[in-house]
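Structure data follow from run_28.cif (mmCIF, C-alpha atoms):
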```cif
data_query
loop_
_atom_site.label_atom_id
_atom_site.label_comp_id
_atom_site.auth_asym_id
_atom_site.auth_seq_id
_atom_site.Cartn_x
_atom_site.Cartn_y
_atom_site.Cartn_z
CA MET A 469 104.42 143.62 -92.27
CA ALA A 470 106.46 146.77 -92.65
CA THR A 471 109.72 146.97 -90.77
CA GLU A 472 110.79 150.06 -88.90
CA TYR A 473 114.12 151.76 -89.26
CA GLY A 474 115.99 153.16 -86.31
CA GLN A 475 114.84 151.32 -83.23
CA GLY A 476 112.73 148.76 -85.08
CA TYR A 477 115.56 147.92 -87.41
CA GLY A 478 118.00 147.63 -84.54
CA LEU A 479 119.78 150.94 -85.11
CA PRO A 480 121.86 151.53 -81.96
CA THR A 481 120.96 154.70 -80.13
CA GLY A 482 122.32 156.41 -77.04
CA PRO A 483 125.84 157.02 -75.78
CA GLY A 484 125.98 153.75 -73.90
CA HIS A 485 126.12 151.77 -77.11
CA ALA A 486 129.60 153.00 -78.06
CA ARG A 487 130.93 152.20 -74.62
CA GLY A 488 129.41 148.70 -74.83
CA VAL A 489 131.06 148.02 -78.15
CA GLU A 490 134.41 149.29 -76.90
CA GLY A 491 134.10 147.10 -73.81
CA ARG A 492 133.76 144.01 -75.98
CA ARG A 493 136.81 144.76 -78.09
CA HIS A 494 140.05 143.00 -77.23
CA ARG A 495 143.02 145.25 -76.76
CA MET A 496 145.50 142.42 -77.39
CA PRO A 497 145.77 141.02 -80.94
CA ALA A 498 144.38 137.54 -81.52
CA ALA A 499 147.82 136.14 -82.33
CA LEU A 500 149.15 137.12 -78.90
CA ARG A 501 146.17 136.14 -76.77
CA ALA A 502 145.56 132.77 -78.50
CA PRO A 503 147.87 130.70 -76.20
CA VAL A 504 145.99 131.79 -73.07
CA GLU A 505 142.44 131.77 -74.43
CA GLY A 506 139.99 129.23 -73.14
CA ARG A 507 139.28 128.05 -76.67
CA ALA A 508 142.92 127.04 -77.19
CA TRP A 509 142.95 125.00 -73.98
CA ARG A 510 139.65 123.32 -74.82
CA GLU A 511 140.98 122.36 -78.25
CA LEU A 512 144.16 121.07 -76.63
CA ALA A 513 142.08 118.97 -74.24
CA TYR A 514 140.08 117.62 -77.19
CA VAL A 515 143.24 116.49 -79.01
CA LEU A 516 144.74 114.92 -75.88
CA LEU A 517 141.52 113.00 -75.16
CA SER A 518 141.16 111.88 -78.76
CA LEU A 519 144.03 109.39 -78.58
CA PRO A 520 142.75 107.16 -75.73
CA ILE A 521 139.14 107.48 -76.93
CA SER A 522 140.09 106.60 -80.51
CA ILE A 523 142.02 103.56 -79.30
CA LEU A 524 138.90 102.40 -77.45
CA LEU A 525 136.68 103.06 -80.47
CA PHE A 526 139.03 101.35 -82.91
CA THR A 527 139.48 98.31 -80.69
CA TYR A 528 135.75 97.91 -80.14
CA ALA A 529 134.85 98.42 -83.80
CA VAL A 530 137.49 96.10 -85.26
CA THR A 531 136.93 93.41 -82.65
CA MET A 532 133.15 93.35 -82.91
CA VAL A 533 133.04 93.60 -86.70
CA SER A 534 135.67 90.88 -87.07
CA LEU A 535 133.75 88.68 -84.67
CA GLY A 536 130.49 89.31 -86.47
CA ALA A 537 132.05 88.71 -89.90
CA GLY A 538 133.60 85.46 -88.67
CA LEU A 539 130.25 84.27 -87.31
CA LEU A 540 128.32 85.07 -90.47
CA VAL A 541 128.53 81.39 -91.40
CA THR A 542 126.12 80.92 -88.51
CA PHE A 543 123.07 82.89 -87.50
CA LEU A 544 124.94 84.59 -84.65
CA GLY A 545 126.99 86.78 -86.98
CA VAL A 546 124.06 89.03 -87.92
CA PRO A 547 123.08 90.14 -84.38
CA VAL A 548 126.76 90.53 -83.46
CA LEU A 549 127.23 92.90 -86.41
CA ALA A 550 124.09 94.77 -85.37
CA ALA A 551 125.44 95.06 -81.82
CA ALA A 552 128.75 96.37 -83.20
CA LEU A 553 126.97 99.05 -85.24
CA ALA A 554 124.69 99.96 -82.34
CA GLY A 555 127.72 100.41 -80.10
CA CYS A 556 129.35 102.65 -82.70
CA ARG A 557 126.16 104.73 -82.79
CA GLY A 558 126.36 105.09 -79.01
CA PHE A 559 130.00 106.14 -79.18
CA GLY A 560 128.96 108.62 -81.88
CA SER A 561 126.61 110.30 -79.41
CA VAL A 562 129.48 110.64 -76.94
CA GLU A 563 131.74 112.10 -79.62
CA ARG A 564 129.11 114.65 -80.64
CA ALA A 565 128.77 115.71 -77.00
CA ARG A 566 132.57 115.97 -76.67
CA ALA A 567 132.82 118.06 -79.84
CA ARG A 568 129.98 120.26 -78.63
CA GLY A 569 131.59 120.84 -75.24
CA LEU A 570 135.24 121.29 -76.27
CA LEU A 571 135.10 122.48 -79.89
CA GLY A 572 131.82 124.39 -79.78
CA LEU A 573 130.54 122.30 -82.71
CA ASP A 574 126.78 121.99 -82.63
CA VAL A 575 125.98 118.87 -84.67
CA GLY A 576 122.40 117.78 -84.99
CA GLU A 577 121.25 114.30 -84.08
CA PRO A 578 121.25 111.88 -87.03
CA GLU A 579 118.03 110.33 -88.25
CA PRO A 580 116.65 107.76 -85.78
CA LEU A 581 116.27 104.08 -86.52
CA ARG A 582 113.23 103.24 -88.61
CA VAL A 583 112.09 99.92 -87.17
CA ARG A 584 109.40 98.64 -89.52
CA ARG A 585 108.83 95.28 -87.86
CA GLN A 586 108.29 94.54 -84.22
CA GLY A 587 110.73 92.40 -82.28
CA PHE A 588 114.44 91.84 -82.07
CA MET A 589 114.97 90.96 -85.72
CA GLY A 590 113.18 94.13 -86.78
CA TRP A 591 115.64 96.13 -84.70
CA VAL A 592 118.59 94.19 -86.16
CA GLY A 593 117.42 94.89 -89.69
CA ALA A 594 116.93 98.58 -88.95
CA VAL A 595 120.45 98.90 -87.51
CA LEU A 596 122.04 97.14 -90.47
CA LYS A 597 120.11 99.21 -93.01
CA SER A 598 120.81 102.54 -91.34
CA GLY A 599 123.45 104.67 -93.04
CA THR A 600 124.10 106.39 -89.72
CA SER A 601 125.33 103.11 -88.23
CA TRP A 602 127.85 102.50 -91.00
CA ARG A 603 129.08 106.10 -90.91
CA ALA A 604 129.64 105.76 -87.15
CA LEU A 605 131.64 102.57 -87.82
CA LEU A 606 133.72 104.39 -90.43
CA TYR A 607 134.38 107.20 -87.93
CA SER A 608 135.53 104.68 -85.31
CA VAL A 609 138.07 103.25 -87.75
CA LEU A 610 139.36 106.51 -89.23
CA GLN A 611 139.61 108.39 -85.95
CA LEU A 612 142.61 106.41 -84.66
CA PRO A 613 145.24 107.26 -87.32
CA TRP A 614 144.20 110.90 -87.32
CA ALA A 615 144.21 111.04 -83.51
CA VAL A 616 147.75 109.61 -83.44
CA LEU A 617 148.94 112.26 -85.92
CA SER A 618 147.21 115.19 -84.23
CA PHE A 619 148.30 114.01 -80.74
CA THR A 620 151.94 113.72 -81.84
CA VAL A 621 152.04 117.09 -83.58
CA THR A 622 150.21 118.87 -80.77
CA VAL A 623 152.27 117.45 -77.91
CA THR A 624 155.53 118.10 -79.79
CA PHE A 625 154.78 121.73 -80.61
CA TRP A 626 153.21 122.46 -77.23
CA SER A 627 156.01 120.93 -75.15
CA VAL A 628 158.82 122.39 -77.29
CA GLY A 629 157.25 125.84 -77.31
CA TRP A 630 156.69 126.15 -73.58
CA SER A 631 160.01 124.46 -72.74
CA LEU A 632 161.98 126.91 -74.85
CA LEU A 633 159.90 129.89 -73.74
CA THR A 634 160.58 129.15 -70.07
CA TYR A 635 164.26 128.22 -70.66
CA PRO A 636 165.53 131.34 -68.85
CA LEU A 637 163.77 130.07 -65.73
CA TRP A 638 165.14 126.52 -65.67
CA PHE A 639 168.43 126.50 -67.65
CA TRP A 640 170.37 126.41 -64.35
CA VAL A 641 169.12 122.85 -63.85
CA LEU A 642 171.40 121.52 -66.61
CA PRO A 643 174.80 122.53 -65.16
CA LEU A 644 173.67 121.73 -61.65
CA TYR A 645 172.16 118.26 -62.22
CA ALA A 646 172.98 117.16 -65.79
CA GLY A 647 176.64 118.11 -65.85
CA GLN A 648 176.41 120.31 -68.96
CA ASP A 649 176.30 124.06 -69.50
CA GLY A 650 172.86 124.16 -71.11
CA ILE A 651 170.80 122.72 -73.95
CA GLN A 652 173.20 121.07 -76.37
CA LEU A 653 172.64 122.50 -79.85
CA TYR A 654 175.46 120.51 -81.49
CA GLY A 655 178.10 118.09 -80.35
CA ASP A 656 180.63 115.55 -81.53
CA GLU A 657 183.77 114.01 -80.11
CA HIS A 658 185.74 117.22 -80.63
CA ARG A 659 183.41 120.04 -79.64
CA ALA A 660 179.95 120.81 -78.32
CA ILE A 661 177.77 123.92 -78.60
CA TYR A 662 175.55 124.78 -75.64
CA LEU A 663 172.95 127.51 -75.25
CA ASP A 664 174.44 129.02 -72.13
CA ASN A 665 175.18 132.76 -72.53
CA PRO A 666 172.51 135.45 -72.04
CA PHE A 667 172.17 136.18 -75.76
CA GLU A 668 171.64 132.52 -76.66
CA ILE A 669 169.19 132.09 -73.77
CA ALA A 670 167.20 135.10 -74.97
CA VAL A 671 167.14 133.80 -78.57
CA THR A 672 166.00 130.40 -77.30
CA ALA A 673 163.15 132.01 -75.39
CA GLY A 674 162.22 134.00 -78.52
CA VAL A 675 162.06 130.83 -80.59
CA GLY A 676 159.95 129.25 -77.86
CA LEU A 677 157.62 132.25 -78.00
CA LEU A 678 157.16 131.72 -81.74
CA PHE A 679 156.37 128.05 -81.17
CA THR A 680 153.99 128.92 -78.34
CA LEU A 681 152.15 131.49 -80.45
CA ALA A 682 151.93 129.13 -83.43
CA THR A 683 150.77 126.06 -81.49
CA PRO A 684 147.13 127.17 -80.92
CA TRP A 685 146.67 127.82 -84.64
CA ILE A 686 148.22 124.48 -85.54
CA VAL A 687 145.93 122.75 -83.07
CA ARG A 688 142.97 124.68 -84.48
CA ALA A 689 143.85 123.51 -87.97
CA LEU A 690 144.07 119.93 -86.74
CA THR A 691 140.74 120.12 -84.94
CA THR A 692 139.17 121.49 -88.13
CA VAL A 693 139.60 118.02 -89.58
CA ASP A 694 137.96 116.59 -86.45
CA ARG A 695 135.06 118.99 -86.93
CA LEU A 696 134.64 117.83 -90.51
CA MET A 697 134.75 114.17 -89.48
CA VAL A 698 132.22 114.63 -86.68
CA HIS A 699 129.92 116.71 -88.85
CA GLY A 700 130.18 114.50 -91.90
CA LEU A 701 130.17 111.04 -90.30
CA LEU A 702 128.29 111.48 -87.02
CA GLY A 703 125.80 114.18 -87.98
CA PRO A 704 122.62 113.88 -90.03
CA SER A 705 122.97 113.03 -93.68
CA ARG A 706 122.24 115.57 -96.39
CA LEU A 707 119.01 113.79 -97.23
CA ALA A 708 117.83 113.85 -93.62
CA THR A 709 118.81 117.51 -93.28
CA ARG A 710 116.94 118.32 -96.46
CA VAL A 711 113.84 116.51 -95.20
CA VAL A 712 113.94 118.52 -91.96
CA GLU A 713 114.32 121.76 -93.95
CA LEU A 714 111.40 120.87 -96.19
CA GLU A 715 109.22 120.02 -93.19
CA SER A 716 110.13 123.35 -91.59
CA ASP A 717 109.49 125.21 -94.84
CA ARG A 718 106.15 123.48 -95.21
CA GLY A 719 105.19 124.67 -91.74
CA VAL A 720 106.22 128.22 -92.65
CA VAL A 721 104.16 128.08 -95.85
CA VAL A 722 101.11 126.80 -93.99
CA ASP A 723 101.43 129.46 -91.29
CA THR A 724 101.95 132.20 -93.89
CA ALA A 725 98.94 131.07 -95.89
CA ALA A 726 96.80 130.99 -92.75
CA ALA A 727 97.97 134.48 -91.78
CA ASP A 728 97.17 135.77 -95.27
CA LEU A 729 93.68 134.27 -95.12
CA ARG A 730 93.08 135.89 -91.73
CA ARG A 731 94.31 139.22 -93.09
CA ILE A 732 92.03 138.98 -96.13
CA GLU A 733 89.05 138.03 -93.95
CA ARG A 734 89.76 140.93 -91.59
CA ASP A 735 90.11 143.40 -94.44
CA LEU A 736 86.87 142.22 -96.03
CA HIS A 737 84.98 142.24 -92.73
CA ASP A 738 86.23 145.60 -91.48
CA GLY A 739 86.42 147.31 -94.86
CA ALA A 740 84.34 146.41 -97.89
CA GLN A 741 81.75 144.33 -96.03
CA ALA A 742 81.02 147.03 -93.47
CA ARG A 743 80.82 149.64 -96.23
CA LEU A 744 78.43 147.48 -98.27
CA VAL A 745 76.19 146.93 -95.23
CA SER A 746 76.05 150.68 -94.69
CA LEU A 747 75.32 151.14 -98.38
CA ALA A 748 72.41 148.69 -98.23
CA MET A 749 70.92 150.56 -95.25
CA ASP A 750 71.28 153.91 -97.03
CA LEU A 751 69.59 152.57 -100.16
CA GLY A 752 66.76 151.15 -98.03
CA LEU A 753 66.18 154.56 -96.42
CA ALA A 754 66.33 156.22 -99.83
CA LYS A 755 63.72 153.80 -101.14
CA GLU A 756 61.39 154.70 -98.26
CA LYS A 757 61.85 158.44 -98.86
CA LEU A 758 61.52 158.21 -102.63
CA ARG A 759 57.78 159.08 -102.63
CA GLU A 760 57.69 161.38 -99.62
CA ASP A 761 60.86 163.44 -100.26
CA PRO A 762 62.41 162.77 -103.71
CA GLN A 763 65.14 165.37 -103.22
CA ALA A 764 66.33 163.79 -99.94
CA ALA A 765 66.18 160.37 -101.60
CA ALA A 766 68.28 161.67 -104.50
CA ARG A 767 70.92 163.00 -102.05
CA MET A 768 71.03 159.65 -100.27
CA VAL A 769 71.42 157.83 -103.59
CA ASP A 770 74.25 160.18 -104.52
CA GLU A 771 75.99 159.47 -101.21
CA ALA A 772 75.45 155.76 -101.77
CA HIS A 773 77.05 156.11 -105.20
CA GLY A 774 80.16 157.57 -103.54
CA GLU A 775 80.18 154.70 -101.05
CA VAL A 776 80.05 152.24 -103.96
CA LYS A 777 83.11 153.85 -105.53
CA THR A 778 84.99 153.70 -102.24
CA ALA A 779 84.05 150.03 -101.72
CA LEU A 780 85.18 149.20 -105.24
CA GLN A 781 88.53 150.92 -104.64
CA GLU A 782 89.01 148.97 -101.41
CA LEU A 783 88.24 145.72 -103.21
CA ARG A 784 90.72 146.62 -105.96
CA ASP A 785 93.41 147.36 -103.36
CA LEU A 786 92.68 144.08 -101.63
CA ALA A 787 92.86 142.14 -104.89
CA ARG A 788 96.06 143.94 -105.83
CA GLY A 789 97.58 142.95 -102.50
CA ILE A 790 96.72 139.27 -103.09
CA HIS A 791 97.86 139.00 -106.70
CA PRO A 792 97.48 141.98 -109.02
CA ALA A 793 96.04 141.43 -112.48
CA VAL A 794 98.85 143.42 -114.08
CA LEU A 795 101.34 140.86 -112.73
CA THR A 796 99.46 138.00 -114.35
CA ASP A 797 98.93 139.82 -117.63
CA ARG A 798 102.18 141.75 -118.13
CA GLY A 799 104.78 140.37 -115.71
CA LEU A 800 107.15 141.79 -113.11
CA ASP A 801 108.25 144.85 -115.07
CA ALA A 802 104.79 146.36 -115.32
CA ALA A 803 103.69 145.22 -111.86
CA LEU A 804 106.75 146.64 -110.08
CA SER A 805 106.48 149.86 -112.08
CA ALA A 806 102.92 150.20 -110.80
CA VAL A 807 104.11 149.64 -107.21
CA ALA A 808 106.87 152.22 -107.68
CA ALA A 809 104.38 154.74 -109.06
CA ARG A 810 102.27 154.44 -105.89
CA CYS A 811 105.30 154.75 -103.57
CA MET A 812 105.73 158.09 -101.78
CA VAL A 813 109.48 158.01 -102.52
CA PRO A 814 110.74 158.36 -106.11
CA VAL A 815 111.69 154.87 -107.25
CA GLN A 816 113.64 153.83 -110.32
CA VAL A 817 112.76 150.33 -111.59
CA GLU A 818 114.96 148.27 -113.89
CA VAL A 819 113.88 144.73 -114.83
CA ASP A 820 116.19 142.74 -117.10
CA LEU A 821 114.48 139.41 -117.80
CA SER A 822 114.33 137.68 -121.16
CA GLU A 823 111.51 135.39 -120.02
CA ARG A 824 109.10 135.14 -117.15
CA PRO A 825 109.67 132.87 -114.15
CA ALA A 826 107.06 130.52 -112.74
CA PRO A 827 103.93 132.24 -111.36
CA ALA A 828 104.72 131.25 -107.76
CA ILE A 829 108.25 132.71 -107.94
CA GLU A 830 106.93 135.79 -109.73
CA GLY A 831 104.36 136.36 -107.01
CA ILE A 832 106.92 136.02 -104.20
CA ALA A 833 109.25 138.43 -106.02
CA TYR A 834 106.42 140.96 -106.39
CA PHE A 835 105.45 140.61 -102.72
CA THR A 836 109.08 140.98 -101.57
CA VAL A 837 109.69 144.19 -103.53
CA SER A 838 106.32 145.61 -102.41
CA GLU A 839 107.15 145.01 -98.74
CA LEU A 840 110.62 146.50 -99.08
CA LEU A 841 109.26 149.62 -100.79
CA GLN A 842 106.70 149.99 -98.00
CA ASN A 843 109.61 149.95 -95.52
CA VAL A 844 111.41 152.59 -97.56
CA ALA A 845 108.34 154.83 -97.72
CA LYS A 846 107.38 154.53 -94.05
CA HIS A 847 110.62 154.35 -92.11
CA SER A 848 113.78 155.06 -94.10
CA ARG A 849 113.42 158.85 -94.56
CA ALA A 850 114.96 158.33 -97.99
CA SER A 851 114.75 160.77 -100.90
CA TRP A 852 115.13 158.12 -103.60
CA ALA A 853 115.13 154.37 -104.08
CA ALA A 854 115.99 151.92 -106.85
CA VAL A 855 114.73 148.44 -107.71
CA GLU A 856 116.72 146.06 -109.90
CA VAL A 857 115.59 142.63 -111.08
CA TRP A 858 117.73 140.30 -113.15
CA ARG A 859 118.54 136.65 -113.70
CA SER A 860 121.87 135.08 -112.71
CA GLU A 861 122.12 131.52 -114.00
CA ASP A 862 119.42 129.59 -112.10
CA ARG A 863 118.60 132.39 -109.62
CA LEU A 864 116.21 135.34 -109.81
CA MET A 865 117.91 138.33 -108.20
CA LEU A 866 116.11 141.28 -106.60
CA GLN A 867 117.77 144.35 -105.13
CA VAL A 868 116.21 147.36 -103.43
CA VAL A 869 118.48 150.29 -102.55
CA ASP A 870 117.63 153.54 -100.75
CA ASN A 871 119.61 156.47 -99.33
CA GLY A 872 117.79 156.53 -95.99
CA VAL A 873 119.03 156.42 -92.42
CA GLY A 874 119.98 152.74 -92.51
CA GLY A 875 120.18 150.54 -89.44
CA ALA A 876 117.97 147.76 -90.83
CA ASP A 877 118.23 144.56 -88.80
CA ARG A 878 116.26 141.41 -89.57
CA SER A 879 117.23 139.75 -86.27
CA ARG A 880 114.63 141.77 -84.33
CA GLY A 881 111.67 139.61 -85.41
CA SER A 882 110.31 142.33 -87.69
CA GLY A 883 109.11 142.42 -91.28
CA LEU A 884 112.50 141.51 -92.67
CA ALA A 885 112.39 138.34 -90.57
CA GLY A 886 109.01 137.51 -92.11
CA LEU A 887 110.38 138.07 -95.60
CA THR A 888 113.33 135.83 -94.77
CA GLU A 889 110.97 133.03 -93.75
CA ARG A 890 108.94 133.43 -96.93
CA LEU A 891 112.06 133.20 -99.07
CA ASP A 892 113.44 130.27 -97.08
CA ALA A 893 110.27 128.36 -97.85
CA VAL A 894 111.22 128.32 -101.56
CA ASP A 895 115.02 127.99 -101.07
CA GLY A 896 115.49 131.75 -101.32
CA ILE A 897 117.94 134.04 -99.53
CA LEU A 898 117.60 137.56 -98.11
CA VAL A 899 120.77 139.61 -97.47
CA VAL A 900 120.55 142.97 -95.70
CA ASP A 901 123.39 145.52 -95.84
CA SER A 902 122.30 148.55 -93.85
CA PRO A 903 124.99 150.40 -91.88
CA ALA A 904 123.96 153.18 -89.54
CA GLY A 905 123.49 156.34 -91.58
CA GLY A 906 122.74 154.40 -94.76
CA PRO A 907 122.49 153.53 -97.49
CA THR A 908 120.41 150.37 -97.19
CA ARG A 909 120.82 147.59 -99.74
CA VAL A 910 118.55 144.54 -99.53
CA THR A 911 119.28 141.70 -101.94
CA ALA A 912 116.98 138.72 -102.40
CA GLU A 913 117.64 135.51 -104.31
CA LEU A 914 114.93 133.18 -105.55
CA PRO A 915 115.27 129.94 -107.48
CA TRP A 916 114.57 130.40 -111.18
CA ARG A 917 111.77 128.18 -112.32
CA VAL A 918 110.58 128.57 -115.88
CA GLU A 919 106.94 129.29 -116.50
CA ARG A 920 105.21 126.31 -118.08
CA THR A 921 101.55 127.19 -118.49
CA ARG A 922 99.37 130.06 -117.38
#
```

Could you express the structure from this file as structure tokens?
Amino acid sequence: MATEYGQGYGLPTGPGHARGVEGRRHRMPAALRAPVEGRAWRELAYVLLSLPISILLFTYAVTMVSLGAGLLVTFLGVPVLAAALAGCRGFGSVERARARGLLGLDVGEPEPLRVRRQGFMGWVGAVLKSGTSWRALLYSVLQLPWAVLSFTVTVTFWSVGWSLLTYPLWFWVLPLYAGQDGIQLYGDEHRAIYLDNPFEIAVTAGVGLLFTLATPWIVRALTTVDRLMVHGLLGPSRLATRVVELESDRGVVVDTAAADLRRIERDLHDGAQARLVSLAMDLGLAKEKLREDPQAAARMVDEAHGEVKTALQELRDLARGIHPAVLTDRGLDAALSAVAARCMVPVQVEVDLSERPAPAIEGIAYFTVSELLQNVAKHSRASWAAVEVWRSEDRLMLQVVDNGVGGADRSRGSGLAGLTERLDAVDGILVVDSPAGGPTRVTAELPWRVERTR
């Protein structure tokens, strides 16, 4: 599962790469291009649509819930409440689609209804018991006051900004049709101040430019609250998200275990088993020649003895790759020192642990460092490497650093991606910092679980 540097790690090569990167860079600063970007107009459209949609949602939710609550003295109140919640769930789907299209917010679908009994009453009970339904109702109620605020602020800043910015183009309308020299800045019964000379017109346009440049960022700040509301009230709950993560991690663990079993079977079949079969044949021939040609039989036995040593070494390497005995007996310090001693690159190992973690975490840590050192030895062209292991509160920290060519990239579906999946399965994290030209720094975090019994 070793990962290649350079091309395998995603290291950009060729002169076309620099031109491609330059072509993607914006020459205009973000503050200046924000008013004309598509994102700003999509966010503006989202805020403008929020007011009429929120009025519809609020009216439906309050009306249906009030009706259902009033009818609770009869049997009809329960299905009316269920219909109100079901409608809010439907509106929630529309709101998620609107946020996805205009805000670029990808919110997962909430957990579906768990109908445990057949029939209409089973559905009613499932709707009333679902936390998603009540969160959608809460969103329908809270969206209106926030939509009124965001709509008012957005329309005010947007209209004032563009009106003042374009004032040099339309100020002539005021003396021609309104009977005044320009925009009235101040006025009473004695005097009035109008923005009518070139300097004042230019200053007015400058103020409008400031408003115009600030409006997209104000709208973005307002829509951040909308993002939080959609994500928190219309998306899946933390429990449901955690269940999905655990199901995914379980699938990764099962696939990894199956791949490891296939690898072990292949290594045994192609390595030690084939060597032992050859050894058995050689010993059979030696047995037949023992009386006829003792010297030839002795040479064959000597060759078989060498084959036995080789088979034993292969079996030791295979066992070490599964779970080395030194890891079980002496812990990470000794096991990683043994891995570093076998590495073709000089490796400095520093393990600072006052106690040992759980065997499963210890094994994953050993496997992670072993794979990273294999990458260093095979692909990094490094002259030295360092391994550090320490504990930070409830996390086991691993760090492997080398001075190689860099360019490591785990997004290419390589060995680093496999390590990331292994760590994700136990709530771990893998962070890769590998600029082109090096050095490469790979940091892994694992949950700290104390060893109970061995």

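Taking CA of Ala508 (chain A) and CA of Leu570 (chain A) as the two end points, the separation is 9.6 Å.
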
Taking the file above as input, evaluate the PyMOL selection byres ((chain A and resi 595-607) around 9) and report the hits as a PyMOL selection string. chain A and resi 525-526+529+546+549-560+578-583+590-594+608-612+697-698+700-705

For a test of reading the model, state the distance in Å between CA of Ala748 (chain A) and CA of Ala764 (chain A), rounded to one decimal.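 About the pair CA of Ala748 (chain A) and CA of Ala764 (chain A): they are 16.4 Å apart.
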
What separation in Å, quoted to one decimal, exists between CA of Ala537 (chain A) and CA of Trp614 (chain A)? 25.4 Å

Check what the PyMOL selection byres ((chain A and resi 683-695) around 10) selects in the file above and give those residues as a PyMOL selection string. chain A and resi 499+501-505+507-509+511-512+514-515+518+564+567-568+571-575+611+614-615+617-619+621-630+677-682+696-701

Can you list, as a VMD selection string, every protein, DNA or RNA residue that comes within 6 Å of region 885-902 of chain A when you count only C-alpha atoms, leaving out same-chain residues fewer than 5 positions away? chain A and resid 717 874 to 876 878 908 to 914

Which residues match the PyMOL selection byres ((chain A and resi 870) around 6) in the file above, as a count of residues only? 7

Let me have the centre and edge lengths of the axis-aligned box enclosing all listed atoms of region 556-566 of chain A with 8 Å padding on every side, in Å to one decimal, as lines of an AutoDock Vina configuration file.
```
center_x = 129.4
center_y = 109.3
center_z = -79.7
size_x = 22.4
size_y = 29.3
size_z = 22.1
```
